[in-house]
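A.B. asks: Quick one: this structure, given as C-alpha cells, is what I'll be asking you about.
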Amino acid sequence: MSDSSVNKANAVNNDADAMSAQGYALSKKEMGFARREIRRHKLLAFSLVVPLLLFLAFAFIAPIGSMLHQGFYNPVVNDLVPETLSTLKEWDGKAQPNDIVLNAMAKDLKRLALTRDSGKFSAEINRYLPGSSSVIKSSARKLKRAEDADLADNGAQLLLAANDAWSKPKIWRSIQQAGNIYTDRNYLTALDLERNQSGEIIVRESAQVYMKLYTKTLKLALIITLLCLLFGYPLAYYLANAPSKKANLLMILVMLPFWTSLLVRTTAWIALLQTNGVINTLLLSVGIISEPLELLYTEFSTIVAMTHILLPFMILPLYSVMKGVDPSYFRAAMSMGARPIGAFIQVYFPATLPGLSAGALLVFIISVGYYITPALVGGTDGQMISNIIAFHMQQSNNWSLAAALGSLLLVLILALYWTYDKFIGASNIKLG
Amino acid sequence: MNKKIILAASAVSFMMLAPFKGFAADSLNVISFGGAYGAAQKEHMLDPYTKKTGNKILFEDYSGGIAEIKAQVTANNIQWDVVDIEVIDLERACSEGLLEVIPRDILAAGDDGTPAKDDFIESALANECGVGNIVWTIVYAYNEKTVGSNLPATMADFFDTKKIPGKRAMRKRPQVNLEWALIADGVARADVYKVLATDEGLARAFAKLDTIKGDIVWFDSWSQVPQLLNDGGAVLAQSANGRIFDAIKKENKPFKMIWDAHVYDLDVWAVVKGSKKKELAFDFISFATGTKPLSGMPDVAYGPTRKSSMKLVDPKVIPDLPTSHLEKGVKADGIFWADYGETLGEKFNEWLLK
C-alpha cells in the first residue's frame, strides 16, 4: 500500500468525522462504507508486514520464549516416576520413607529399565545429588530382572538390596525436589545460590562460578567499550574533518576489516600474539625482551582482539554524527573568545554525544554476549559468560541451566538499557 | 546473545523442516573424529564397504560429546546414522535412550573362524549400544628440541616444573587431568577413582594441579596438540596417542611419548536412536568391525578390538599400540564420569577462574 492511499483512507475517516460534527451527517450506509474502506486499507497494510511478523515470531520470539520457559520448566522427572512422587507426598523428609514409597520406586525403576529411560531419570537426579546416577542405573538394571509378582510383594526389600543408598533420606529428598515441574533451581544456580534442606535460599556451597563470570563479562565489556571510545573518537573526528578524498580512503581502511570474516580476524590475532608469533619474534629480535611474553590465551588477548573487531561499531555512528555537526559552531565559540579546549568540551563534544552513546551502547551490548573471539584467544582468563553457556549446551548437556544463564544475560542487557534510557535517554541515540 | 538466537532459530526451523526431509536410498551418514584417525577409518572401513556393497557413505567430523545426538533425538530429526563415540560418553548416551541396541548376532566371526563373542576383547562388547572399534589412550609427549636437558619419564615429572621448566598443554576438562594429578601425588593407579570420589581426594587433586596452574596452556581439541608442541607453545603436552604417533611418523617430528599412567579407553561404533537406516547402519558396523578393517587402525597407533586382527598388524607398530602398555595404564572409568562429570566440570570451571 502506498502512502497516498493511507492518507486517502485517513482523509475519508477525518471527513466522515468532520461532516458528522458539522451537522450534515452522512447516512449510516455511507459511514459504514467509509469505515469498511478504512478497514480494508488497514488490513492490506497489515498483510504486508505479516511475513516479517511471522519471521520474527518464529525466529526471535518463539526461541527466546522457549528459552525463558525451559529455565524453570522441567517435567522430566514428574513424567518418568509419577507414582513414586505421589506416594512421596506423605513423607516427612527425615528418615527412610515407608514401604509404599519404596515399592512404588521399585516398580517405576523396573518400568524405566524396560523402556530404557532410567538414564534420563538418573541424569536429572544426579544434578541434585552427584553420584546418584550410578546408584539409580545399577538398581534399575537389577530390578529389571525381578518378576512382577515378586516386585509387588517385596519391592521394598529388593530395592534396598539393590543399593544401600535407598535407605538414606538424601536421595529421596533429591527425587522430591526434582519432581517439581516448575523450579527456580536453575535461576538460583545461575546466581550461585541454592535452597538448603528447609527451603531457604543460601549461597551455593559446591561451586561459585556464575556471578564471577557475569562480573568479569561486564568488566571486560566496559574495558572494551572504553578502549573503542579512546581509539574511535579521535579517528572519527579526523575522518569527519579530513578532505573527502583522504577521508574516503581512510574509511575504506576502517571498513575493510569490518567486511573480513570474524574468524579470519580472530585467527590473525592468534598468529600475531602466540609465543613464537609476530610480536614476540619482533620484540625478541630488537632486544626489548629476552623471553617471549605470554600474550595469547589471556584476558589481554581477548580485550585486544575484541576491541579491534568492534571498533567499526564505534567509529561509524560517531563519524556520521560528527559529519552533521556544523563546523561554524566551533568557529563561533572561538571567535567569542573560547579557548580551543574549552570550545571543544562545551560546544563540539556535546553535539557528538548522540553518536557516542549509540556507539558505546552498540559495542557494550555486542561484547557482553560475545562468544567466538573469547573462545579462540581467551584461554582460561579471557572467558566470558557466553562460553559457559556454550559449555552447558554442548558438553554438560544441562540445557535448563544454559537457558537460565541466557535469560539472565538477556535481563542484564535489558536492565542496562533501561538504566541508560532513564539517565541519558534512548531518544538521544543517533546512528547517523 | 545473537549467536544463541540464531542457534535457537535454526533449531526451530530444522524442527519445522524435519518432516519434509528425506534421504536418497542406500546412503549412510557416518560421523567420526576426523584427522589422521578419520583418514584411517575411511581407508580401511568406509571405502572398502562402499566398494563391496555400492552403498554411499557421507563421512563427517565432530568433536565428541553427546549434545548433538541428544539434540537430534529430542527434536526427532535424525541426521546421523552411525557415530564413533567414546566409551566415556557411551554409558550416558545409551542409558538416556539416545542410541539403538545393537544385536550381537550381526557381528561376523573372525577371519580365522573364532566366533565374534570370543574374538572381541571383553570391554569392546560391554555396552549393548556399541561395538568396540579401537583402543586408544591419552599420554603426554614432549618435543626433544625444546624440552631441555632433563628428560621426563613419569607422571610426577609432568607436574615437576623444577625438573622440567616450561608450559604444559592440557585439554580443558576435568577428565584425565584429575586422575593424573592424583597419580603424580602418589595415589596408586588402581585407587584413583576411589580417591577421586571423596572430597579430600578431590581437594588433593586440585591442590596438585594448583602447583602447575600458571604453567598450563589449555586446549579444546586434540588436533591442536602437535602444533603446540611444534611451535614451542608447550614443552609437554597431553595428547591422544594417535595424533603424536602420526606427527612422528608422517612429519618426522622430534616428539616422544611417555606411557606412564596413560589413561586408555575404547571408541565404539553406535547407531543413533530412530535412524531411518538402522538395518544399513548395522550392516556397516558389522563390516567395519570385521577382522580386516579393524587391522587397519594401527596405522594411527590405535589398537584393534579383535584378537584376530592383531595377527595382521605390522609387528613394527605393535610397541606403539596402547594395548602393548596396558600394565602401565589406567582404564578410564565411564561410570565414574557419568556420575561426577557434571559436578566436577563445574568445580573445574570454578578452579579455573580462581
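Ligands are numbered from 1 in the order shown, chains are lettered A, B, ... in the order of the C-alpha cells, and residues start at 1 in each chain.
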With a distance cut-off of 6 Å and only C-alpha atoms, select the neighbouring residues of Gln96 in chain A, excluding the residue or stretch itself and same-chain residues fewer than 5 positions from it, and output the selection as a PyMOL selection string.

C.D. replies: chain A and resi 167-169

A.B. asks: Could the residues in this selection be saved with N, CA and C atoms as a compact mmCIF listing (two decimals), in the first residue's frame?

C.D. replies:
```txt
# COMPACT_ATOMS: atom_id res chain seq x y z
N SER A 167 18.22 -46.43 51.46
CA SER A 167 17.79 -46.35 52.84
C SER A 167 18.06 -44.96 53.43
N LYS A 168 18.79 -44.13 52.69
CA LYS A 168 19.14 -42.79 53.20
C LYS A 168 18.17 -41.75 52.64
N PRO A 169 17.82 -40.76 53.46
CA PRO A 169 16.84 -39.77 53.01
C PRO A 169 17.35 -38.87 51.88
```

A.B. asks: Give the residues of chain A that lie within 6 Å of chain B; count only C-alpha atoms, and format the answer as an MDAnalysis selection string.

C.D. replies: chainID A and resid 59 63 116:117 119:120 130:131 133 207 209 275 369 394 396:397

A.B. asks: Using only C-alpha atoms, can you tell me which of B:Lys331, B:Lys273, B:Lys292, B:Lys167 comes closest to Val101 in chain B?

C.D. replies: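 Selected residue with least distance to Val101 in chain B: B:Lys273.
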
A.B. asks: Among range 146-242 of chain A, which residues carry a DSSP assignment of helix (DSSP H, G or I), reported as a count of residues only?

C.D. replies: 67

A.B. asks: Need to verify the contact set: Phe300 in chain A, 12 Å, only C-alpha atoms, exclusion of same-chain residues closer than 2 positions in sequence. Can you return it as a list in words?

C.D. replies: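 Once the nearby chain positions are removed, what remains is Leu220, Ile223, Ile224, Trp269, Leu273, Leu293, Glu294, Leu295, Leu296, Tyr297, Thr298, Thr302, Ile303, Val304, Ala305, Met306, Thr307, Pro374, Val377, Gly378, Gly379, Thr380, Asp381, Gly382 and Gln383 of chain A.
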
A.B. asks: Using only C-alpha atoms, which protein or nucleic acid residues come within 12 Å of range 324-327 of chain B? Drop anything in the same chain fewer than 4 positions from it, and give the result as a PyMOL selection string.

C.D. replies: chain B and resi 135-139+189-190+241+257-265+298+301-304+310+315+317-320+331-332

A.B. asks: Take CA of Ile372 in chain A and CA of Arg265 in chain A and report the distance between them in Å, one decimal.

C.D. replies: 11.0 Å

A.B. asks: Which parts of range 22-257 of chain A does DSSP call strand (DSSP E) when run on the backbone here, written out as an MDAnalysis selection string?

C.D. replies: chainID A and resid 193:195 201:203

A.B. asks: So, with only C-alpha atoms as the atoms that count, which of B:Val235, B:Val187, B:Ile57, B:Ala153 lies closest to Met170 in chain B?

C.D. replies: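 Checking each of B:Val235, B:Val187, B:Ile57, B:Ala153 against Met170 in chain B, counting only C-alpha atoms, the winner is B:Val235.
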
A.B. asks: Name the residues in contact with range 179-181 of chain A at a cut-off of 12 Å, using only C-alpha atoms, excluding same-chain residues fewer than 5 positions from it; report them as a PDB file with C-alpha atoms, in the first residue's frame.

C.D. replies:
```pdb
ATOM      1  CA  HIS A  69      10.401 -21.265  29.727  1.00  0.00           C
ATOM      2  CA  GLN A  70      12.952 -24.040  29.756  1.00  0.00           C
ATOM      3  CA  GLY A  71      14.833 -22.226  32.502  1.00  0.00           C
ATOM      4  CA  PHE A  72      12.167 -23.063  35.058  1.00  0.00           C
ATOM      5  CA  TYR A  73      10.002 -25.765  33.458  1.00  0.00           C
ATOM      6  CA  ASN A  74      11.239 -29.293  33.872  1.00  0.00           C
ATOM      7  CA  PRO A  75       8.587 -32.021  33.701  1.00  0.00           C
ATOM      8  CA  VAL A  76      11.016 -34.907  33.037  1.00  0.00           C
ATOM      9  CA  VAL A  77      11.090 -36.473  36.488  1.00  0.00           C
ATOM     10  CA  ASN A  78       7.396 -35.907  37.029  1.00  0.00           C
ATOM     11  CA  ASP A  79       6.654 -37.703  33.766  1.00  0.00           C
ATOM     12  CA  LEU A  80       9.017 -40.568  34.485  1.00  0.00           C
ATOM     13  CA  VAL A  81       8.087 -41.571  38.049  1.00  0.00           C
ATOM     14  CA  PRO A  82       4.604 -40.173  38.746  1.00  0.00           C
ATOM     15  CA  GLU A  83       3.642 -42.956  41.192  1.00  0.00           C
ATOM     16  CA  THR A  84       6.702 -42.619  43.369  1.00  0.00           C
ATOM     17  CA  LEU A  85       6.212 -38.870  43.537  1.00  0.00           C
ATOM     18  CA  SER A  86       2.590 -39.120  44.571  1.00  0.00           C
ATOM     19  CA  THR A  87       3.466 -41.572  47.369  1.00  0.00           C
ATOM     20  CA  LEU A  88       6.377 -39.366  48.414  1.00  0.00           C
ATOM     21  CA  LYS A  89       3.988 -36.504  49.220  1.00  0.00           C
ATOM     22  CA  PHE A 121      15.845 -40.208  35.267  1.00  0.00           C
ATOM     23  CA  GLU A 124      18.123 -35.495  36.375  1.00  0.00           C
ATOM     24  CA  ILE A 125      18.570 -36.782  39.921  1.00  0.00           C
ATOM     25  CA  TYR A 128      20.684 -32.707  42.647  1.00  0.00           C
ATOM     26  CA  TRP A 172      14.560 -39.271  48.301  1.00  0.00           C
ATOM     27  CA  ARG A 173      14.810 -35.572  49.013  1.00  0.00           C
ATOM     28  CA  SER A 174      16.526 -35.130  45.659  1.00  0.00           C
TER      29      SER A 174
END
```

A.B. asks: Mind checking which residues fall within 6 Å of Gly130 in chain B, counting only C-alpha atoms, ignoring those fewer than 4 positions away in the same chain, and posting them as an MDAnalysis selection string?

C.D. replies: chainID B and resid 268:270

A.B. asks: Go ahead and save the picked residues with C-alpha atoms, as a PDB file, in the first residue's frame.

C.D. replies:
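Printed below is out-v3.pdb as written:
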```
ATOM      1  CA  VAL B 268      32.864 -47.737  19.653  1.00  0.00           C
ATOM      2  CA  TRP B 269      30.535 -47.599  16.695  1.00  0.00           C
ATOM      3  CA  ALA B 270      26.978 -46.794  17.711  1.00  0.00           C
TER       4      ALA B 270
END
```

A.B. asks: So that I can check the surroundings of Phe59 in chain B, please list as a list in words every protein, DNA and RNA residue that reaches within 12 Å of it, counting only C-alpha atoms and ignoring chain neighbours fewer than 5 positions away.

C.D. replies: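 Neighbouring residues, sequence-local ones excluded: Ser27, Leu28, Asn29, Val30, Ile31, Ser32, Phe33, Gly34, Gly38, Ala39, Gln41, Lys42, Glu43, Met45, Leu46, Asp47, Thr50, Trp80, Asp81, Val82, Val83 and Asp84 of chain B.
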
A.B. asks: For CA of Gly334 in chain B and CA of Ile85 in chain B, quote the distance in Å rounded to one decimal.

C.D. replies: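 Between CA of Gly334 in chain B and CA of Ile85 in chain B the gap works out to 12.3 Å.
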
A.B. asks: Nearest to Ser386 in chain A among A:Val368, A:Leu272, A:Ala62, A:Ile429, with distances taken over only C-alpha atoms: which residue is it?

C.D. replies: A:Val368

A.B. asks: Could you tell me how far CA of Asn248 in chain A sits from CA of Tyr319 in chain A, in Å to one decimal place?

C.D. replies: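 Taking CA of Tyr319 in chain A and CA of Asn248 in chain A, their separation equals 11.9 Å.
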